[in-house]
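*Asks:* my_file18.cif is reproduced below (mmCIF, C-alpha atoms and all ligand atoms).
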data_upload
#
loop_
_atom_site.label_atom_id
_atom_site.label_comp_id
_atom_site.auth_asym_id
_atom_site.auth_seq_id
_atom_site.Cartn_x
_atom_site.Cartn_y
_atom_site.Cartn_z
CA MET Q 25 -13.47 -74.46 -26.70
CA THR Q 26 -14.21 -77.93 -25.55
CA SER Q 27 -11.70 -80.00 -23.72
CA ILE Q 28 -11.66 -83.75 -23.59
CA LYS Q 29 -11.28 -85.03 -20.09
CA LYS Q 30 -8.69 -87.80 -19.97
CA PRO Q 31 -9.85 -90.98 -18.29
CA LEU Q 32 -8.38 -91.44 -14.84
CA VAL Q 33 -5.65 -94.06 -14.97
CA ASP Q 34 -4.16 -95.12 -11.70
CA LYS Q 35 -0.96 -96.97 -12.50
CA HIS Q 36 -1.02 -98.32 -8.96
CA LEU Q 37 -4.16 -100.26 -9.88
CA ARG Q 38 -2.63 -102.12 -12.84
CA LYS Q 39 -2.82 -105.82 -12.06
CA ASN Q 40 0.28 -107.99 -12.35
CA LYS Q 41 0.43 -111.72 -13.13
CA GLN Q 42 -0.71 -112.53 -9.62
CA GLY Q 43 -3.80 -110.39 -10.20
CA LEU Q 44 -2.50 -107.91 -7.63
CA THR Q 45 -2.15 -104.12 -7.79
CA GLN Q 46 0.63 -102.08 -6.18
CA ARG Q 47 -1.77 -101.37 -3.34
CA ASP Q 48 -1.70 -105.07 -2.47
CA TYR Q 49 2.02 -104.73 -1.77
CA GLU Q 50 1.65 -101.83 0.64
CA GLY Q 51 1.68 -102.07 4.43
CA VAL Q 52 0.35 -99.82 7.20
CA ALA Q 53 0.59 -96.01 6.90
CA SER Q 54 4.04 -94.58 7.61
CA THR Q 55 4.59 -92.67 10.84
CA LEU Q 56 7.96 -91.24 9.71
CA CYS Q 57 8.53 -87.49 9.29
CA ALA Q 58 7.05 -86.09 6.06
CA GLY Q 59 9.79 -86.04 3.41
CA CYS Q 60 11.97 -88.72 5.05
CA GLY Q 61 14.02 -90.55 2.41
CA HIS Q 62 13.04 -93.89 3.93
CA ASP Q 63 9.46 -93.51 2.66
CA SER Q 64 10.76 -93.30 -0.92
CA ILE Q 65 12.65 -96.56 -0.38
CA THR Q 66 9.44 -98.15 0.91
CA ALA Q 67 7.70 -97.05 -2.30
CA ALA Q 68 10.56 -98.59 -4.32
CA PHE Q 69 10.09 -101.93 -2.50
CA VAL Q 70 6.36 -101.86 -3.30
CA ARG Q 71 7.03 -101.19 -6.99
CA ALA Q 72 9.82 -103.78 -7.25
CA PHE Q 73 7.70 -106.56 -5.76
CA HIS Q 74 4.71 -105.68 -7.90
CA GLU Q 75 6.79 -105.60 -11.09
CA LEU Q 76 8.47 -108.91 -10.22
CA ASP Q 77 5.00 -110.51 -9.90
CA LEU Q 78 6.00 -112.04 -6.56
CA GLU Q 79 3.35 -113.19 -4.14
CA PRO Q 80 3.60 -111.06 -0.99
CA HIS Q 81 3.56 -114.08 1.33
CA ARG Q 82 6.72 -115.40 -0.36
CA ALA Q 83 8.75 -112.67 1.33
CA ALA Q 84 10.04 -112.32 4.89
CA LYS Q 85 11.04 -108.88 6.18
CA ILE Q 86 13.54 -108.60 8.99
CA SER Q 87 14.85 -105.43 10.58
CA GLY Q 88 16.69 -104.13 13.63
CA ILE Q 89 16.01 -100.89 15.49
CA GLY Q 90 15.85 -97.30 14.22
CA CYS Q 91 13.72 -95.17 11.90
CA SER Q 92 14.79 -97.37 8.97
CA SER Q 93 13.90 -100.56 10.77
CA LYS Q 94 10.34 -99.32 11.32
CA THR Q 95 9.76 -99.26 7.57
CA THR Q 96 9.24 -103.01 7.16
CA ALA Q 97 5.72 -102.38 8.49
CA TYR Q 98 5.00 -100.02 5.58
CA PHE Q 99 5.29 -102.51 2.72
CA LEU Q 100 4.20 -106.10 2.05
CA GLY Q 101 1.51 -106.11 4.70
CA GLN Q 102 0.66 -109.71 3.82
CA SER Q 103 4.14 -111.13 4.41
CA SER Q 104 5.84 -112.25 7.60
CA GLY Q 105 8.19 -109.90 9.37
CA ILE Q 106 10.26 -109.58 12.52
CA ASN Q 107 11.47 -106.38 14.15
CA THR Q 108 14.47 -107.82 15.98
CA VAL Q 109 16.94 -106.47 18.53
CA HIS Q 110 19.28 -103.55 17.66
CA GLY Q 111 21.98 -104.78 15.26
CA ARG Q 112 20.87 -108.42 15.49
CA MET Q 113 18.82 -108.69 12.32
CA PRO Q 114 21.44 -110.76 10.39
CA SER Q 115 21.53 -113.60 12.93
CA VAL Q 116 17.73 -113.86 12.96
CA ALA Q 117 17.76 -113.83 9.15
CA THR Q 118 20.44 -116.55 9.16
CA GLY Q 119 18.30 -118.81 11.35
CA ALA Q 120 15.17 -118.17 9.31
CA ALA Q 121 16.95 -118.80 6.00
CA ALA Q 122 18.44 -122.04 7.34
CA VAL Q 123 15.01 -123.34 8.34
CA ASN Q 124 13.13 -122.08 5.28
CA PRO Q 125 15.31 -121.20 2.27
CA ASP Q 126 12.18 -121.01 0.13
CA LEU Q 127 11.42 -117.33 0.86
CA HIS Q 128 12.78 -113.98 -0.32
CA TYR Q 129 14.53 -112.49 2.72
CA ILE Q 130 14.66 -108.71 2.93
CA GLY Q 131 16.69 -107.06 5.65
CA VAL Q 132 16.14 -103.36 6.23
CA SER Q 133 18.64 -101.60 8.44
CA GLY Q 134 20.20 -98.21 9.04
CA ASP Q 135 23.74 -96.89 9.27
CA GLY Q 136 23.51 -96.97 13.06
CA ASP Q 137 22.02 -100.45 13.20
CA SER Q 138 24.50 -101.94 10.68
CA LEU Q 139 27.74 -100.03 11.19
CA SER Q 140 27.91 -99.63 14.98
CA ILE Q 141 26.13 -102.11 17.24
CA GLY Q 142 25.46 -104.52 14.37
CA LEU Q 143 28.81 -104.32 12.58
CA GLY Q 144 29.91 -107.83 13.61
CA GLN Q 145 26.62 -109.36 12.55
CA PHE Q 146 26.68 -107.52 9.22
CA ALA Q 147 30.26 -108.71 8.55
CA HIS Q 148 29.51 -112.37 9.27
CA ALA Q 149 26.33 -112.43 7.20
CA ILE Q 150 28.49 -111.25 4.29
CA ARG Q 151 31.12 -113.92 4.96
CA ARG Q 152 28.43 -116.62 4.97
CA ASN Q 153 26.98 -115.23 1.72
CA LEU Q 154 23.54 -115.44 3.31
CA ASN Q 155 20.86 -115.45 0.63
CA MET Q 156 19.12 -112.15 1.34
CA LEU Q 157 18.68 -108.59 0.14
CA TYR Q 158 20.16 -106.25 2.78
CA VAL Q 159 19.25 -102.58 2.37
CA ILE Q 160 20.98 -99.94 4.47
CA GLU Q 161 18.93 -96.74 4.64
CA ASN Q 162 21.91 -94.46 5.20
CA ASN Q 163 21.43 -90.91 6.51
CA GLY Q 164 24.56 -90.38 8.63
CA VAL Q 165 22.66 -89.78 11.87
CA TYR Q 166 20.64 -91.52 14.56
CA GLY Q 167 17.27 -90.02 13.66
CA LEU Q 168 15.32 -91.90 16.31
CA THR Q 169 17.45 -90.42 19.13
CA LYS Q 170 17.53 -86.84 17.78
CA GLY Q 171 20.37 -86.69 15.29
CA GLN Q 172 23.72 -87.76 16.79
CA PHE Q 173 26.38 -88.59 14.17
CA SER Q 174 26.41 -92.23 13.09
CA ALA Q 175 29.44 -94.24 11.94
CA SER Q 176 28.78 -93.34 8.30
CA ALA Q 177 29.05 -89.56 8.90
CA ASP Q 178 31.81 -88.03 6.76
CA ILE Q 179 34.73 -86.13 8.25
CA GLY Q 180 33.87 -82.42 8.25
CA THR Q 181 30.12 -82.89 7.96
CA ARG Q 182 28.09 -80.60 10.22
CA ALA Q 183 25.33 -81.61 12.63
CA LYS Q 184 22.12 -79.59 12.76
CA TYR Q 185 23.39 -77.45 15.65
CA GLY Q 186 26.88 -76.86 14.20
CA GLU Q 187 29.05 -79.66 15.63
CA VAL Q 188 31.64 -80.95 13.14
CA ASN Q 189 32.36 -84.68 12.80
CA GLU Q 190 36.06 -85.52 13.09
CA GLN Q 191 35.87 -89.30 13.14
CA THR Q 192 36.65 -91.45 10.11
CA PRO Q 193 33.48 -92.83 8.51
CA ILE Q 194 32.76 -96.47 7.73
CA ASP Q 195 31.68 -96.82 4.11
CA PRO Q 196 29.32 -99.83 3.86
CA VAL Q 197 30.07 -100.29 0.15
CA ARG Q 198 33.81 -100.46 0.65
CA LEU Q 199 33.38 -102.65 3.73
CA ALA Q 200 31.08 -105.09 1.92
CA LEU Q 201 33.56 -105.36 -0.97
CA THR Q 202 36.43 -105.97 1.45
CA LEU Q 203 34.53 -108.72 3.24
CA GLY Q 204 33.70 -110.49 -0.03
CA ALA Q 205 30.03 -109.60 -0.61
CA SER Q 206 28.76 -111.06 -3.87
CA PHE Q 207 26.47 -108.14 -4.82
CA VAL Q 208 27.32 -104.57 -3.85
CA ALA Q 209 25.38 -101.49 -4.93
CA ARG Q 210 24.77 -97.92 -3.89
CA SER Q 211 21.78 -95.78 -4.69
CA PHE Q 212 19.80 -92.75 -3.57
CA SER Q 213 16.26 -92.61 -2.21
CA GLY Q 214 15.60 -89.74 -4.62
CA ASP Q 215 16.27 -91.91 -7.71
CA LYS Q 216 13.63 -94.62 -7.97
CA GLU Q 217 14.48 -95.30 -11.61
CA GLN Q 218 17.85 -96.54 -10.41
CA LEU Q 219 16.75 -98.03 -7.09
CA VAL Q 220 13.81 -100.21 -8.26
CA PRO Q 221 15.86 -102.33 -10.73
CA LEU Q 222 18.62 -102.66 -8.15
CA ILE Q 223 16.11 -103.99 -5.60
CA LYS Q 224 14.77 -106.43 -8.19
CA ALA Q 225 18.26 -107.65 -9.11
CA GLY Q 226 19.20 -107.92 -5.41
CA LEU Q 227 16.11 -110.05 -4.75
CA MET Q 228 16.94 -112.39 -7.65
CA HIS Q 229 20.61 -112.68 -6.71
CA ARG Q 230 21.45 -115.88 -4.82
CA GLY Q 231 23.70 -114.72 -2.01
CA PHE Q 232 24.18 -111.59 0.05
CA ALA Q 233 23.05 -108.51 -1.89
CA VAL Q 234 23.77 -105.25 -0.11
CA ILE Q 235 22.41 -101.93 -1.33
CA ASP Q 236 23.59 -98.83 0.51
CA VAL Q 237 20.92 -96.19 -0.12
CA VAL Q 238 21.65 -92.56 0.74
CA SER Q 239 18.37 -91.59 2.38
CA PRO Q 240 18.32 -88.05 3.82
CA CYS Q 241 16.92 -87.41 7.30
CA VAL Q 242 14.93 -84.23 6.73
CA THR Q 243 14.56 -83.52 10.43
CA PHE Q 244 18.17 -83.80 11.63
CA ASN Q 245 20.54 -83.98 8.65
CA ASP Q 246 19.27 -82.04 5.65
CA HIS Q 247 21.00 -78.68 6.11
CA ALA Q 248 23.95 -76.85 4.54
CA GLY Q 249 27.19 -78.50 5.66
CA SER Q 250 25.70 -82.01 5.77
CA THR Q 251 27.07 -84.52 3.26
CA LYS Q 252 23.92 -86.67 3.51
CA SER Q 253 21.43 -83.93 2.60
CA TYR Q 254 19.25 -83.92 -0.53
CA ALA Q 255 21.13 -80.90 -1.93
CA HIS Q 256 24.58 -82.44 -1.41
CA THR Q 257 23.56 -85.83 -2.80
CA TYR Q 258 21.91 -84.35 -5.91
CA LYS Q 259 25.05 -82.26 -6.52
CA TYR Q 260 27.62 -85.07 -6.20
CA TYR Q 261 25.48 -87.99 -7.37
CA HIS Q 262 27.34 -89.99 -10.03
CA PRO Q 263 25.57 -93.01 -11.61
CA VAL Q 264 28.34 -95.31 -12.79
CA ILE Q 265 26.41 -98.41 -13.75
CA HIS Q 266 22.69 -98.45 -14.40
CA ALA Q 267 21.07 -101.84 -13.78
CA ASP Q 268 17.93 -102.97 -15.64
CA PHE Q 269 16.32 -106.15 -14.42
CA VAL Q 270 14.74 -108.16 -17.25
CA PRO Q 271 12.35 -110.99 -16.23
CA GLU Q 272 12.99 -114.48 -17.64
CA GLU Q 273 10.31 -114.49 -20.32
CA THR Q 274 10.95 -110.92 -21.56
CA GLU Q 275 13.25 -110.34 -24.50
CA ILE Q 276 16.08 -107.86 -23.95
CA THR Q 277 15.15 -105.19 -26.45
CA ALA Q 278 16.61 -102.07 -24.85
CA ASP Q 279 18.94 -100.08 -27.02
CA TYR Q 280 22.37 -100.74 -25.55
CA ALA Q 281 25.43 -99.80 -27.54
CA GLU Q 282 27.88 -102.66 -27.95
CA GLY Q 283 30.61 -102.56 -25.36
CA GLU Q 284 28.51 -100.43 -23.05
CA ALA Q 285 26.20 -103.11 -21.70
CA ILE Q 286 26.73 -106.37 -19.84
CA THR Q 287 24.05 -109.04 -19.40
CA ILE Q 288 24.32 -111.25 -16.34
CA PRO Q 289 21.89 -114.16 -15.83
CA MET Q 290 20.57 -114.22 -12.26
CA HIS Q 291 20.47 -117.52 -10.39
CA ASN Q 292 16.85 -117.11 -9.33
CA GLY Q 293 15.60 -116.16 -12.77
CA GLY Q 294 15.84 -113.25 -15.21
CA ASP Q 295 18.83 -111.22 -16.31
CA VAL Q 296 20.39 -108.05 -15.07
CA VAL Q 297 21.50 -105.76 -17.89
CA LEU Q 298 24.14 -103.29 -16.81
CA ARG Q 299 24.50 -100.10 -18.80
CA LYS Q 300 27.91 -98.65 -18.22
CA THR Q 301 28.10 -94.91 -17.79
CA ASP Q 302 31.75 -95.16 -16.87
CA LYS Q 303 33.05 -97.29 -19.76
CA SER Q 304 36.18 -98.34 -17.90
CA HIS Q 305 34.29 -100.09 -15.09
CA ASP Q 306 33.43 -103.79 -15.23
CA PRO Q 307 31.24 -104.69 -12.20
CA ARG Q 308 32.43 -108.33 -12.40
CA ASP Q 309 35.96 -107.19 -11.56
CA ARG Q 310 36.46 -106.75 -7.81
CA ASP Q 311 39.72 -104.81 -8.17
CA ALA Q 312 38.02 -102.47 -10.62
CA ALA Q 313 35.27 -101.88 -8.05
CA PHE Q 314 37.87 -100.81 -5.47
CA ASP Q 315 39.60 -98.60 -8.04
CA LEU Q 316 36.30 -96.96 -8.94
CA LEU Q 317 35.61 -96.03 -5.32
CA LYS Q 318 39.19 -94.81 -4.85
CA ASN Q 319 39.30 -92.71 -8.00
CA LEU Q 320 36.07 -90.89 -7.21
CA GLU Q 321 36.90 -90.43 -3.53
CA GLY Q 322 36.10 -87.02 -2.09
CA SER Q 323 34.43 -85.61 -5.17
CA GLU Q 324 31.49 -87.72 -6.27
CA ILE Q 325 29.14 -90.35 -4.90
CA PRO Q 326 29.38 -93.34 -7.27
CA THR Q 327 26.05 -95.20 -7.55
CA GLY Q 328 24.63 -98.23 -9.32
CA LEU Q 329 25.62 -101.90 -9.24
CA ILE Q 330 29.29 -101.63 -8.31
CA TYR Q 331 30.15 -105.33 -8.01
CA ILE Q 332 28.48 -108.66 -8.73
CA ASP Q 333 29.60 -112.29 -8.55
CA GLU Q 334 26.95 -114.87 -9.45
CA SER Q 335 29.37 -117.79 -9.13
CA ARG Q 336 29.82 -117.93 -5.34
CA PRO Q 337 27.80 -120.55 -3.45
CA ASP Q 338 25.45 -119.13 -0.83
CA MET Q 339 25.15 -120.28 2.78
CA GLY Q 340 22.58 -122.96 1.91
CA GLU Q 341 24.71 -124.49 -0.80
CA MET Q 342 27.87 -124.43 1.30
CA ASN Q 343 26.14 -126.17 4.19
CA HIS Q 344 24.03 -128.57 2.10
CA ILE Q 345 20.78 -127.14 3.45
CA PRO Q 346 17.84 -128.71 1.58
CA ASP Q 347 15.63 -126.36 -0.44
CA THR Q 348 12.54 -127.80 1.26
CA PRO Q 349 11.47 -125.86 4.36
CA LEU Q 350 12.09 -127.79 7.60
CA ASN Q 351 8.37 -127.99 8.43
CA ALA Q 352 7.67 -129.66 5.08
CA ILE Q 353 10.27 -132.42 5.44
CA ASP Q 354 8.80 -135.78 6.28
CA HIS Q 355 9.26 -136.89 9.91
CA SER Q 356 10.88 -140.14 8.79
CA LYS Q 357 13.68 -138.12 7.17
CA LEU Q 358 14.07 -135.73 10.10
CA CYS Q 359 14.25 -138.47 12.74
CA PRO Q 360 17.02 -141.02 12.04
CA GLY Q 361 15.56 -143.57 14.48
CA SER Q 362 16.93 -144.97 17.74
CA ALA Q 363 19.41 -147.37 16.12
CA LYS Q 364 21.12 -144.54 14.22
CA LEU Q 365 21.10 -142.31 17.30
CA LYS Q 366 22.71 -145.08 19.36
CA GLU Q 367 25.37 -145.53 16.69
CA LEU Q 368 26.03 -141.79 16.78
CA MET Q 369 26.25 -141.65 20.57
CA ASP Q 370 28.51 -144.70 20.64
CA GLY Q 371 30.89 -142.74 18.41
CA TYR Q 372 31.43 -140.31 21.32
CA ALA Q 373 32.01 -143.06 23.90
FE1 LIG Q 401 13.29 -89.95 8.85
FE2 LIG Q 401 14.94 -88.46 10.30
FE3 LIG Q 401 12.34 -88.35 10.78
FE4 LIG Q 401 13.73 -90.54 11.41
S1 LIG Q 401 13.98 -88.49 12.31
S2 LIG Q 401 11.73 -90.48 10.39
S3 LIG Q 401 15.23 -90.63 9.74
S4 LIG Q 401 13.37 -87.72 8.89
#
The structure in this file should be written as structure tokens.
Ligand code: SF4
*Replies:*
Amino acid sequence: MTSIKKPLVDKHLRKNKQGLTQRDYEGVASTLCAGCGHDSITAAFVRAFHELDLEPHRAAKISGIGCSSKTTAYFLGQSSGINTVHGRMPSVATGAAAVNPDLHYIGVSGDGDSLSIGLGQFAHAIRRNLNMLYVIENNGVYGLTKGQFSASADIGTRAKYGEVNEQTPIDPVRLALTLGASFVARSFSGDKEQLVPLIKAGLMHRGFAVIDVVSPCVTFNDHAGSTKSYAHTYKYYHPVIHADFVPEETEITADYAEGEAITIPMHNGGDVVLRKTDKSHDPRDRDAAFDLLKNLEGSEIPTGLIYIDESRPDMGEMNHIPDTPLNAIDHSKLCPGSAKLKELMDGYA
């Protein structure tokens, strides 16, 4: 019997509109533990950017400290990036976005970086509606310092060596909703089909888009008794709203039953089509988002795009920041001249 050998097709080598393959969106090789959920999120970033046809240099990656914060080196090797101080990524992102609003800002953080030392910074970036995608790679432990519980650890969850957590967790999704975030989602590193469109929609959203991604730490928090393990997450995983991102020039042809799908135009181009698994939930309704989280409390992990508000002005709009990057504004516009300065100073006399 003869067999026909199929030609080798490497989907990673398919060129997008920029003439780039997925490989062009990769960074340096990961040094994380084999099987770490964070590497799957890195792969989702690579795919999302490639599918959005974005030029790598049009992105800026900013992170704090921790295993998650190391990952910005593993994707978009041709874009700018800053590994900042622990918990201080949002203020650096705020400064960068004020000076150059013409980039896609991606913040990568962890539950330790965002919910403990960086909690204040996280909260105020939400209040300002800073135009950035903020991904929390959430594993419930401090992996870099050998697995102590983080602030997102659930009550009753067990550490690798048996200790039980008794402190109340901080849920980043609930917190972001409370503080008025304009795009709130949760996903799982093990579900790229859900995560990639969420990343795309978060990048095209104008304002603060937070995605809390359950991302198991295989070395310190992937055992029986942990509520952030692969086994636990697969068991209690509950997709509520599936988001499909549809680029501007592509017709929405997917087969969505009437009443089960919502199309929301994104400020920065394209549409997000939300397929409702839970028919009672409308992600444009903030109260409904709270109810959803409350009703599923303790049993399931609701995932998908939980809340979205495309009407809120972002930090740039609120503060009348010009779209042109500061270094591209003509000197004559930046410098008011000595007469104007004198007039200004005289106002303080
Ligand atoms: Fe990932 Fe945990 Fe290893 Fe850190 S310690 S790289 S979080 S598996």
*Asks:* Using all atoms listed in the file, which of the listed residues (Q:Arg47, Q:Arg182, Q:His229, Q:Lys39) sits closest to His128 of chain Q?
*Replies:*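 Closest candidate: Q:His229.
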*Asks:* Pick from Q:Gln191, Q:Thr181, Q:Ser92, Q:Gln218: nearest to ligand LIG 401 (chain Q), with only C-alpha atoms and all ligand atoms counted?
*Replies:*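 Checking each candidate against ligand LIG 401 (chain Q), we get Q:Ser92 as the closest.
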*Asks:* Could you give me, as number ranges by chain, the residues within 12 Å of segment 144-153 of chain Q, counting all atoms listed in the file and dropping anything in the same chain fewer than 4 positions from it?
*Replies:* Q: 88, 109-119, 121-122, 131-140, 157-160, 196-208, 229-234, 333-343
*Asks:* Would you compute the distance between atom CA of Arg310 of chain Q and atom CA of Ser239 of chain Q? Give it in Å to one decimal.
*Replies:*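 About the pair atom CA of Arg310 of chain Q and atom CA of Ser239 of chain Q: they are 25.7 Å apart.
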*Asks:* Could the residues that lie within 8 Å of ligand LIG 401 (chain Q), counting only C-alpha atoms and all ligand atoms, be listed as a PDB file with C-alpha atoms, in the coordinates of the input?
*Replies:*
ATOM      1  CA  THR Q  55       4.590 -92.670  10.840  1.00  0.00           C
ATOM      2  CA  LEU Q  56       7.960 -91.240   9.710  1.00  0.00           C
ATOM      3  CA  CYS Q  57       8.530 -87.490   9.290  1.00  0.00           C
ATOM      4  CA  ALA Q  58       7.050 -86.090   6.060  1.00  0.00           C
ATOM      5  CA  GLY Q  59       9.790 -86.040   3.410  1.00  0.00           C
ATOM      6  CA  CYS Q  60      11.970 -88.720   5.050  1.00  0.00           C
ATOM      7  CA  GLY Q  61      14.020 -90.550   2.410  1.00  0.00           C
ATOM      8  CA  HIS Q  62      13.040 -93.890   3.930  1.00  0.00           C
ATOM      9  CA  GLY Q  90      15.850 -97.300  14.220  1.00  0.00           C
ATOM     10  CA  CYS Q  91      13.720 -95.170  11.900  1.00  0.00           C
ATOM     11  CA  SER Q  92      14.790 -97.370   8.970  1.00  0.00           C
ATOM     12  CA  ASN Q 163      21.430 -90.910   6.510  1.00  0.00           C
ATOM     13  CA  VAL Q 165      22.660 -89.780  11.870  1.00  0.00           C
ATOM     14  CA  TYR Q 166      20.640 -91.520  14.560  1.00  0.00           C
ATOM     15  CA  GLY Q 167      17.270 -90.020  13.660  1.00  0.00           C
ATOM     16  CA  LEU Q 168      15.320 -91.900  16.310  1.00  0.00           C
ATOM     17  CA  THR Q 169      17.450 -90.420  19.130  1.00  0.00           C
ATOM     18  CA  LYS Q 170      17.530 -86.840  17.780  1.00  0.00           C
ATOM     19  CA  GLY Q 171      20.370 -86.690  15.290  1.00  0.00           C
ATOM     20  CA  PRO Q 240      18.320 -88.050   3.820  1.00  0.00           C
ATOM     21  CA  CYS Q 241      16.920 -87.410   7.300  1.00  0.00           C
ATOM     22  CA  VAL Q 242      14.930 -84.230   6.730  1.00  0.00           C
ATOM     23  CA  THR Q 243      14.560 -83.520  10.430  1.00  0.00           C
ATOM     24  CA  PHE Q 244      18.170 -83.800  11.630  1.00  0.00           C
ATOM     25  CA  ASN Q 245      20.540 -83.980   8.650  1.00  0.00           C
TER      26      ASN Q 245
END
*Asks:* Determine the axis-aligned bounding box of all atoms of segment 184-188 of chain Q present in the file, pad each side by 5 Å, and express its centre and edge lengths in Å to one decimal place as AutoDock Vina command-line options.
*Replies:*
--center_x 26.9 --center_y -78.9 --center_z 14.2 --size_x 19.5 --size_y 14.1 --size_z 12.9
